[in-house]
Amino acid sequence: ILLHDVRSALEAAGLDPQVGYLHRDRPGRPSLALDMMEEFRSVVADRLALALVNRGQVRAKGFKVLDGGGVVMNDETRRTVITAWQERKRDERRHPFLDEVVSLGMFWHLQALLLKRHLRGDLDGYPPCLWR
């Protein structure tokens, strides 16, 4: 879900999510989105996943192992995860570079715009989102 949101933010800023810096470019692979996602993965996605498991909102019975070895969520678990994701994106934090309080869901949009400003030469360097 985070990858999709970051990819959308990059596209909205006019950047190509396929061309990255850290992840190798491959056809169909959103390398830049994967690069930018790393700034948010541990703070947003990993913490949410752990919280859902620790609170018992997501359990093993909410998943099914397919014959080919794949694992899928049932509809109830999917609703729980998506609802929790949307709520998490509404949490507010202070952006370290802009020094403004914004919702977490806006952070990847702001970072995409900051990356665009850096690539255009408006900023000397890309200010990564460092969490405290």
# chains A, B, ... in the order shown; residues from 1 in each chain; ligands from 1
$ residues_around --residues "Gly28 (chain A)" --least-positions-apart "6" --cutoff "12 Å" --atoms "only C-alpha atoms" --output "PyMOL selection string"
chain A and resi 16-19
$ write_last_selection --atoms "N, CA and C atoms" --output "CSV table (one decimal), in the first residue's frame"
chain,number,residue,atom,x,y,z
A,16,ASP,N,9.3,10.3,-12.8
A,16,ASP,CA,9.1,9.0,-13.3
A,16,ASP,C,9.5,8.0,-12.2
A,17,PRO,N,8.5,7.3,-11.7
A,17,PRO,CA,8.8,6.3,-10.5
A,17,PRO,C,9.6,5.1,-10.9
A,18,GLN,N,9.9,4.9,-12.2
A,18,GLN,CA,10.6,3.8,-12.7
A,18,GLN,C,12.1,4.0,-12.6
A,19,VAL,N,12.6,5.2,-12.6
A,19,VAL,CA,14.0,5.5,-12.6
A,19,VAL,C,14.5,5.9,-11.2
$ closest_atom_pairs --of "region 112-131 of chain A" --to "region 95-104 of chain A" --cutoff "9 Å" --atoms "only C-alpha atoms" --output "JSON lines"
{"residue": "A:Pro127", "atom": "CA", "partner": "A:Phe97", "partner_atom": "CA", "distance": 6.7}
{"residue": "A:Pro128", "atom": "CA", "partner": "A:Phe97", "partner_atom": "CA", "distance": 8.2}
{"residue": "A:Cys129", "atom": "CA", "partner": "A:Pro96", "partner_atom": "CA", "distance": 6.5}
{"residue": "A:Leu130", "atom": "CA", "partner": "A:Pro96", "partner_atom": "CA", "distance": 6.8}
{"residue": "A:Trp131", "atom": "CA", "partner": "A:Pro96", "partner_atom": "CA", "distance": 7.8}
$ residues_around --residues "region 44-53 of chain A" --least-positions-apart "2" --cutoff "12 Å" --atoms "only C-alpha atoms" --output "MDAnalysis selection string"
chainID A and resid 1:3 5 37:42 55:62 77:78 80:93 103:105 107:108 131
$ atom_distance --atom1 "CA of Leu32 (chain A)" --atom2 "CA of His4 (chain A)"
11.9 Å
$ select_by_dssp --residues "chain A" --states "strand (DSSP E or B)" --output "MDAnalysis selection string"
chainID A and resid 63:65 71:73 92:94 101:103
$ closest_residue --among "A:Met73, A:Ser8, A:Leu66, A:Ala13" --to "Leu114 (chain A)" --atoms "only C-alpha atoms"
A:Ala13
$ atom_distance --atom1 "CA of Arg29 (chain A)" --atom2 "CA of Asp124 (chain A)"
28.0 Å
$ atom_distance --atom1 "CA of Ala33 (chain A)" --atom2 "CA of Ala12 (chain A)"
12.3 Å
$ select_by_dssp --residues "region 46-125 of chain A" --states "helix (DSSP H, G or I)" --output "VMD selection string"
chain A and resid 46 to 54 60 to 62 75 to 90 104 to 120
$ write_last_selection --atoms "N, CA and C atoms" --output "short mmCIF file (atom, residue, chain, number, x, y, z; two decimals), in the first residue's frame"
data_model
loop_
_atom_site.label_atom_id
_atom_site.label_comp_id
_atom_site.auth_asym_id
_atom_site.auth_seq_id
_atom_site.Cartn_x
_atom_site.Cartn_y
_atom_site.Cartn_z
N ASP A 46 5.93 -0.64 8.74
CA ASP A 46 6.36 -1.69 9.67
C ASP A 46 5.72 -1.51 11.05
N ARG A 47 5.69 -0.28 11.52
CA ARG A 47 5.07 -0.04 12.84
C ARG A 47 3.59 -0.36 12.82
N LEU A 48 2.92 -0.04 11.72
CA LEU A 48 1.50 -0.36 11.61
C LEU A 48 1.29 -1.87 11.62
N ALA A 49 2.09 -2.59 10.85
CA ALA A 49 1.96 -4.05 10.80
C ALA A 49 2.18 -4.67 12.17
N LEU A 50 3.21 -4.21 12.87
CA LEU A 50 3.48 -4.74 14.22
C LEU A 50 2.36 -4.40 15.18
N ALA A 51 1.84 -3.19 15.10
CA ALA A 51 0.75 -2.78 15.99
C ALA A 51 -0.49 -3.64 15.74
N LEU A 52 -0.81 -3.91 14.49
CA LEU A 52 -1.98 -4.74 14.18
C LEU A 52 -1.82 -6.15 14.72
N VAL A 53 -0.63 -6.69 14.63
CA VAL A 53 -0.38 -8.04 15.15
C VAL A 53 -0.40 -8.02 16.68
N ASN A 54 0.28 -7.05 17.29
CA ASN A 54 0.35 -6.98 18.76
C ASN A 54 -1.01 -6.75 19.40
N ALA A 60 -3.26 -15.10 12.26
CA ALA A 60 -2.92 -16.09 11.24
C ALA A 60 -4.15 -16.60 10.51
N LYS A 61 -5.28 -16.69 11.21
CA LYS A 61 -6.49 -17.22 10.57
C LYS A 61 -7.04 -16.27 9.48
N GLY A 62 -6.53 -15.04 9.42
CA GLY A 62 -6.96 -14.09 8.41
C GLY A 62 -6.22 -14.24 7.09
N ASP A 75 -11.10 -11.19 3.27
CA ASP A 75 -11.72 -9.87 3.14
C ASP A 75 -11.73 -9.10 4.46
N GLU A 76 -12.01 -9.77 5.55
CA GLU A 76 -12.06 -9.09 6.85
C GLU A 76 -10.69 -8.53 7.25
N THR A 77 -9.65 -9.31 7.06
CA THR A 77 -8.30 -8.86 7.38
C THR A 77 -7.90 -7.70 6.46
N ARG A 78 -8.24 -7.80 5.19
CA ARG A 78 -7.93 -6.73 4.24
C ARG A 78 -8.60 -5.42 4.66
N ARG A 79 -9.88 -5.51 5.08
CA ARG A 79 -10.59 -4.31 5.55
C ARG A 79 -9.92 -3.72 6.78
N THR A 80 -9.50 -4.58 7.69
CA THR A 80 -8.83 -4.13 8.91
C THR A 80 -7.54 -3.40 8.58
N VAL A 81 -6.75 -3.96 7.69
CA VAL A 81 -5.46 -3.37 7.32
C VAL A 81 -5.67 -2.04 6.61
N ILE A 82 -6.58 -2.00 5.65
CA ILE A 82 -6.81 -0.76 4.90
C ILE A 82 -7.37 0.33 5.79
N THR A 83 -8.28 -0.01 6.68
CA THR A 83 -8.83 0.98 7.62
C THR A 83 -7.73 1.52 8.53
N ALA A 84 -6.90 0.63 9.07
CA ALA A 84 -5.80 1.07 9.93
C ALA A 84 -4.81 1.93 9.16
N TRP A 85 -4.55 1.59 7.88
CA TRP A 85 -3.64 2.37 7.04
C TRP A 85 -4.19 3.79 6.85
N GLN A 86 -5.45 3.89 6.54
CA GLN A 86 -6.05 5.21 6.34
C GLN A 86 -6.01 6.04 7.62
N GLU A 87 -6.24 5.41 8.75
CA GLU A 87 -6.17 6.12 10.04
C GLU A 87 -4.74 6.56 10.33
N ARG A 88 -3.78 5.70 10.04
CA ARG A 88 -2.37 6.02 10.28
C ARG A 88 -1.93 7.22 9.44
N LYS A 89 -2.42 7.29 8.21
CA LYS A 89 -2.05 8.40 7.34
C LYS A 89 -2.60 9.74 7.85
N ARG A 90 -3.61 9.69 8.69
CA ARG A 90 -4.16 10.94 9.25
C ARG A 90 -3.35 11.45 10.45
N LEU A 104 0.74 12.32 8.02
CA LEU A 104 1.73 11.38 7.46
C LEU A 104 1.44 11.10 5.99
N GLY A 105 0.18 11.10 5.60
CA GLY A 105 -0.19 10.85 4.23
C GLY A 105 0.31 11.91 3.26
N MET A 106 0.67 13.07 3.76
CA MET A 106 1.21 14.13 2.91
C MET A 106 2.73 14.09 2.82
N PHE A 107 3.37 13.35 3.70
CA PHE A 107 4.83 13.34 3.74
C PHE A 107 5.44 12.90 2.41
N TRP A 108 4.92 11.82 1.80
CA TRP A 108 5.53 11.36 0.56
C TRP A 108 5.28 12.34 -0.57
N HIS A 109 4.17 13.07 -0.52
CA HIS A 109 3.93 14.11 -1.53
C HIS A 109 4.94 15.25 -1.37
N LEU A 110 5.18 15.64 -0.12
CA LEU A 110 6.15 16.70 0.14
C LEU A 110 7.55 16.27 -0.26
N GLN A 111 7.92 15.04 0.05
CA GLN A 111 9.25 14.55 -0.30
C GLN A 111 9.42 14.47 -1.82
N ALA A 112 8.36 14.08 -2.52
CA ALA A 112 8.43 14.04 -3.98
C ALA A 112 8.66 15.45 -4.54
N LEU A 113 7.99 16.43 -3.96
CA LEU A 113 8.19 17.82 -4.41
C LEU A 113 9.59 18.32 -4.08
N LEU A 114 10.10 17.94 -2.91
CA LEU A 114 11.47 18.33 -2.54
C LEU A 114 12.49 17.68 -3.47
N LEU A 115 12.27 16.42 -3.83
CA LEU A 115 13.16 15.74 -4.78
C LEU A 115 13.11 16.45 -6.13
N LYS A 116 11.93 16.80 -6.56
CA LYS A 116 11.79 17.51 -7.83
C LYS A 116 12.53 18.85 -7.79
N ARG A 117 12.42 19.58 -6.68
CA ARG A 117 13.12 20.86 -6.54
C ARG A 117 14.63 20.65 -6.58
N HIS A 118 15.11 19.57 -5.97
CA HIS A 118 16.54 19.27 -6.00
C HIS A 118 16.99 18.96 -7.44
N LEU A 119 16.23 18.14 -8.14
CA LEU A 119 16.59 17.77 -9.50
C LEU A 119 16.58 18.97 -10.45
N ARG A 120 15.70 19.92 -10.18
CA ARG A 120 15.66 21.15 -11.00
C ARG A 120 16.77 22.12 -10.64
#
